[in-house]
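One structure below.
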Amino acid sequence: MAINQTQDQSLDEEIADLEERLKNARARRALATGKAPFLDPSNPIPVHALLLLSDSALPTGGFAYSNGLESYLAHLKLQGRIANPEAAFDSFLALSIACVASTSLPYLLAAHRQPEMLETIDNDLDASTPCVVAQRASLAQGRALLGVWERSFRVPYTSVSDAEAVTAVKILERFSTGLKSRNNPDEGLGPNGHLAPLWAVVSRAMGLTAQQTAYLHMVNHAKAVLGAAVRSSVIGPYMAQSILASQRLQEMISRRIEREWDTPVDRAGQLVPAMDLWIGRHELLYSRIFNS
Amino acid sequence: MPGRLAQPTTMRQPAAPIPSPFQSSIAKPGQGKVVLSLLPPANPTLTTLTYKYPLKLVPRTGGFVPSPESSALSDSCPSHPVHLYLLTYGGGLLPGDHIEVSITLEAKTRMVVTTPQGSTKIFKTDPNNSANSPNVIKGHRKQMPANPSISDMSQQTLDVHIGRQAALCYLPDPSVPFQNSRYAQIQTFTVDATAKGDQRSSLCVLDWVTQGRTSRGENWNFRFWRGRNEVWAADEKTGKSRLLLRDSVILDDESEDTSDEEDEYSEDEVERTDVNIHNGLDNHSNSNSNSNSNSITSSRPRPPQNGLTPMNIIQERTRPHGVVGTLILSGPVFEALGSYLMHEFQTQPRIGSRNWSDHGSAAVPEPSVSHHGDVTWTAARVRAGFVLVKFGAKDFETAKHWLGGLIREEGSVTREFGEEALFCL
């Protein structure tokens, strides 16, 4: 019996060991297929840049914008359609993510893949932004990001030897000069400084992949909307974190990125026509706590 | 007047397509080409007018003349407008139809384009149910090729070059996509980049889409509709062109996404939650979707062929509207209308405040109408002098009266192009 017990024990150990190895192999496999791009162990440097760019303390002023949430809630109230604010917000978040993905991701990915086209992409995104409220928000955040880049990130990240990153640094420099020397701001045809393409080129200069850049952009958007919801007292801060952490949100973001991955910029468009109306009518709100 | 190539003015056409005298110059079915020139002294003439079945381009003769005497022509109004009807057999597009219209407005010309068919129907030919198909001549449109995913998309492209000081007024009927239809439309307008001030090209373009045939209970049940409008400024000398404006709306039920079950699940969950809110309070809008809520909870994944049942993604993204649209205005001819619309928008009553009521003007469509949810709209003066109006309304009639009312109230379109420019409104 004693022998059998030892046998059982060693078999148990073997099983546990195999299970452990299987788990590790599966995890590595998942990493290789890109399910969790930012944890790729073969490319450790960008993780630091990812943490920098995902920091809510990054002074781009995202907290000043509700991305249409405030106006949406006001319109629901107006139409007597708001029964359960949490459910209404849940629905808004999905719409907002779909909308931001379809209207900005093609431009972001294009700028990441071809940073030298930054000015054209910036112009085309400006041409495609139908309302001044959204335009203001995108410009303010884009220019703030450029400011952070110049004041804080440029020096540490210029020494990176990666040739592509060096190109991106030069392009940002040129763009910034163009933005500052823009002679006729009323015409609206100089460099503008929209968030999505600048985000892409800054991320590229800091060594992030297109996938990471896109995912980060979407997560930051979700954070901004969730933050606005907390400040509007629609949901509580713990609820916000739980939504942010949820599998559903992750899948939603991945799915939207996958959908826009190969979308050329001229196929970008508004998936949620109602969003343009809410954001555009933010200006009509009697009282407002957000800039958009 | 477009005397040279004038077609019979009557809209009634013989059952079989007339062999076009220009057939040799037109390569494919559905293509059309129009050039409007200003012959001296001030005689707008269609120097080219060709089209091929199922497209039809008909100039309207004896149309609007802005004032009794041609001496009224001035720098600001250098020529009389020419009115062109854009038609398709059957009043719409069948799967696989590809309409391709190219219009050139040479310097100082003006054109009104309308679609005198009530709506542009986007058909879906279902092999088991031909009731949806229009009454067109059998055999003249090709049968659908075997691969439906490529062939069943209807497409329309409109390419308009607007010369210096020329103006286009294009206020068509809305697009009405039938259940399960797929449609893509690309409208490109190219203006002269070198023209400044009063010399600039002008355009007024309306693009709107409805939820379908409400009489049949359709409520955003089509599969795909994309409307893209672009305005480019081109410099002929340098050959360079720059995108001035891109307005692109994509209504996609996403049924063709390679999505796994889990994705499907999460989307449905959003919809269900929302329908619950809907049922809880919303008694005055969109009763269609209310009655459908039971089938939503019980049917997952969505039944692909039964478009009338679930609260689909397009409904969700357009709610609570039954029609959404965009009006694009640019150039000196439409400056007054643009300013008027901006003013009307900015003086709408504030949302969330007490309605002190005298903010709204006495315009025919009272702003309070939109305030109460029938028409929700926004106007913005975006770059390069464009005024962009986006609207959503509960149904086609509401939107039509609202927009027609605003444009008539302001009056400059009627003055410059005649009441017939508002044919579809």
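Convention: chains lettered A, B, ... in structure tokens order; per-chain residue numbering from 1; ligands numbered from 1 as shown.
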
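The shell of residues at most 8 Å from A:Pro273, with only C-alpha atoms counted and near chain neighbours (fewer than 3 positions) removed, consists of Gln270, Asp276 and Leu277 of chain A; Val249, Arg317, Thr318 and Val324 of chain B.
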
Requested in this report: May I have the residues within 8 Å of B:Thr190 as a list of chain:residue names, using only C-alpha atoms and disregarding those fewer than 3 positions away in the same chain?
Outcome: B:Asp159, B:Val160, B:His161, B:Ile162, B:Val231, B:Trp232, B:Ala233, B:Ala234

Once you have the residues from the selection above, write them out as a CSV table (one decimal), in the first residue's frame, restricted to C-alpha atoms.
chain,number,residue,atom,x,y,z
B,159,ASP,CA,-19.0,63.3,-59.5
B,160,VAL,CA,-19.6,67.0,-59.9
B,161,HIS,CA,-17.1,69.6,-61.0
B,162,ILE,CA,-18.2,73.1,-60.1
B,231,VAL,CA,-15.7,68.3,-51.4
B,232,TRP,CA,-12.2,68.8,-52.9
B,233,ALA,CA,-10.5,72.0,-53.9
B,234,ALA,CA,-8.6,71.3,-57.1

Restrict the calculation to only C-alpha atoms, then for each residue of chain A with any atom at most 6 Å from an atom of chain B give the closest atom pair and their distance in Å to one decimal, rows by chain and rising residue number, as a Markdown table.
| residue | atom | partner | partner_atom | distance |
| --- | --- | --- | --- | --- |
| A:Arg81 | CA | B:Asp282 | CA | 5.4 |
| A:Ala83 | CA | B:Ile277 | CA | 5.8 |
| A:Ser91 | CA | B:Val270 | CA | 5.9 |
| A:Ala127 | CA | B:Leu245 | CA | 4.3 |
| A:Ser128 | CA | B:Arg246 | CA | 4.5 |
| A:Cys131 | CA | B:Ala380 | CA | 5.7 |
| A:Glu187 | CA | B:Ala384 | CA | 5.6 |
| A:Gly188 | CA | B:Arg383 | CA | 5.2 |
| A:Gly269 | CA | B:Ser248 | CA | 4.6 |
| A:Gln270 | CA | B:Val249 | CA | 4.7 |
| A:Leu271 | CA | B:Ile250 | CA | 5.0 |
| A:Val272 | CA | B:Arg317 | CA | 4.8 |
| A:Pro273 | CA | B:Thr318 | CA | 5.8 |
| A:Ala274 | CA | B:Thr318 | CA | 5.2 |
| A:Gly280 | CA | B:Thr378 | CA | 5.6 |
| A:Arg281 | CA | B:Thr378 | CA | 6.0 |
| A:Leu284 | CA | B:Arg350 | CA | 5.0 |
| A:Leu285 | CA | B:Ile351 | CA | 4.6 |
| A:Tyr286 | CA | B:Arg350 | CA | 4.9 |

Report task. Considering only C-alpha atoms, state which residue in the set A:Val230, A:Leu208, A:Val169, A:Val47 is at the smallest distance from A:Pro85. Result ->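 Of A:Val230, A:Leu208, A:Val169, A:Val47, the one nearest A:Pro85 is A:Val230, counting only C-alpha atoms.
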
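Nearest-residue note for A:Glu86: choosing from A:Leu118, A:Ala64, A:Ile243, A:Leu53, the minimum distance belongs to A:Ile243, counting only C-alpha atoms.
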
**Report entry** Spatial neighbours of stretch 137-149 of chain A, max dist 10 Å, only C-alpha atoms, sep filter under 5 positions, as a PyMOL selection string
**Finding:** chain A and resi 53+58-62+64-67+126+129+132+154-155+157+169+172-173+175-176+179+192-199+201-203+205-206+291-292

Residue selection dump (C-alpha atoms) as a CSV table (one decimal), in the first residue's frame:
chain,number,residue,atom,x,y,z
A,53,LEU,CA,0.9,57.3,-22.2
A,58,LEU,CA,-0.9,62.9,-18.6
A,59,PRO,CA,-1.7,66.6,-19.0
A,60,THR,CA,-3.8,66.4,-22.2
A,61,GLY,CA,-6.9,67.5,-20.4
A,62,GLY,CA,-9.1,64.6,-21.4
A,64,ALA,CA,-12.6,68.2,-19.6
A,65,TYR,CA,-14.5,66.4,-22.2
A,66,SER,CA,-17.5,64.1,-21.8
A,67,ASN,CA,-17.4,63.1,-25.5
A,126,ASP,CA,-10.1,67.9,-39.8
A,129,THR,CA,-15.0,66.3,-38.3
A,132,VAL,CA,-17.0,72.3,-34.0
A,154,ARG,CA,11.2,64.2,-26.5
A,155,VAL,CA,14.6,64.3,-24.8
A,157,TYR,CA,13.0,59.3,-26.4
A,169,VAL,CA,10.6,62.4,-33.9
A,172,LEU,CA,6.7,65.7,-35.0
A,173,GLU,CA,9.3,68.5,-34.9
A,175,PHE,CA,4.6,69.5,-37.6
A,176,SER,CA,5.0,71.4,-34.5
A,179,LEU,CA,1.5,74.5,-36.2
A,192,ASN,CA,-4.5,71.5,-37.1
A,193,GLY,CA,-3.2,69.1,-34.5
A,194,HIS,CA,-5.9,66.5,-34.1
A,195,LEU,CA,-5.5,64.0,-31.4
A,196,ALA,CA,-5.7,60.7,-33.3
A,197,PRO,CA,-2.9,61.2,-35.8
A,198,LEU,CA,-0.6,63.0,-33.3
A,199,TRP,CA,-1.2,60.2,-30.8
A,201,VAL,CA,3.1,59.5,-34.3
A,202,VAL,CA,4.0,60.2,-30.7
A,203,SER,CA,3.4,56.6,-29.8
A,205,ALA,CA,8.3,57.8,-31.6
A,206,MET,CA,8.1,56.1,-28.3
A,291,ASN,CA,-16.3,71.3,-22.7
A,292,SER,CA,-17.9,68.7,-25.0

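When atom CA of B:Leu422 is paired with atom CA of B:Ser119, their separation reads 13.9 Å.
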
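Note that atom CA of B:Glu106 and atom CA of B:Leu55 are 22.8 Å apart.
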
Query - DSSP helix (DSSP H, G or I) residues within stretch 10-222 of chain A, as JSON, numbers by chain - result: {"A": [10, 11, 12, 13, 14, 15, 16, 17, 18, 19, 20, 21, 22, 23, 24, 25, 26, 27, 28, 29, 30, 31, 32, 37, 38, 39, 45, 46, 47, 48, 49, 50, 51, 52, 53, 54, 62, 63, 64, 69, 70, 71, 72, 73, 74, 75, 76, 77, 78, 85, 86, 87, 88, 89, 90, 91, 92, 93, 94, 95, 96, 97, 98, 99, 100, 101, 102, 103, 104, 105, 106, 107, 108, 109, 110, 111, 112, 113, 115, 116, 117, 118, 119, 120, 121, 122, 123, 124, 125, 126, 127, 128, 132, 133, 134, 135, 136, 137, 138, 139, 140, 141, 142, 143, 144, 145, 146, 147, 148, 149, 150, 151, 152, 153, 154, 155, 156, 157, 158, 163, 164, 165, 166, 167, 168, 169, 170, 171, 172, 173, 174, 175, 176, 177, 178, 179, 180, 195, 196, 197, 198, 199, 200, 201, 202, 203, 204, 205, 210, 211, 212, 213, 214, 215, 216, 217, 218, 219, 220, 221, 222]}

Query raised in the report: Which is closer to A:Phe63 than all the others in A:Thr263, A:Thr213, A:Ser232, A:Ser254, using only C-alpha atoms?
Result: A:Ser232

**Report entry** Between atom CA of B:Ala107 and atom CA of B:Ser330 - distance in Å to one decimal
**Finding:**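 For atom CA of B:Ser330 relative to atom CA of B:Ala107, the distance reads 16.2 Å.
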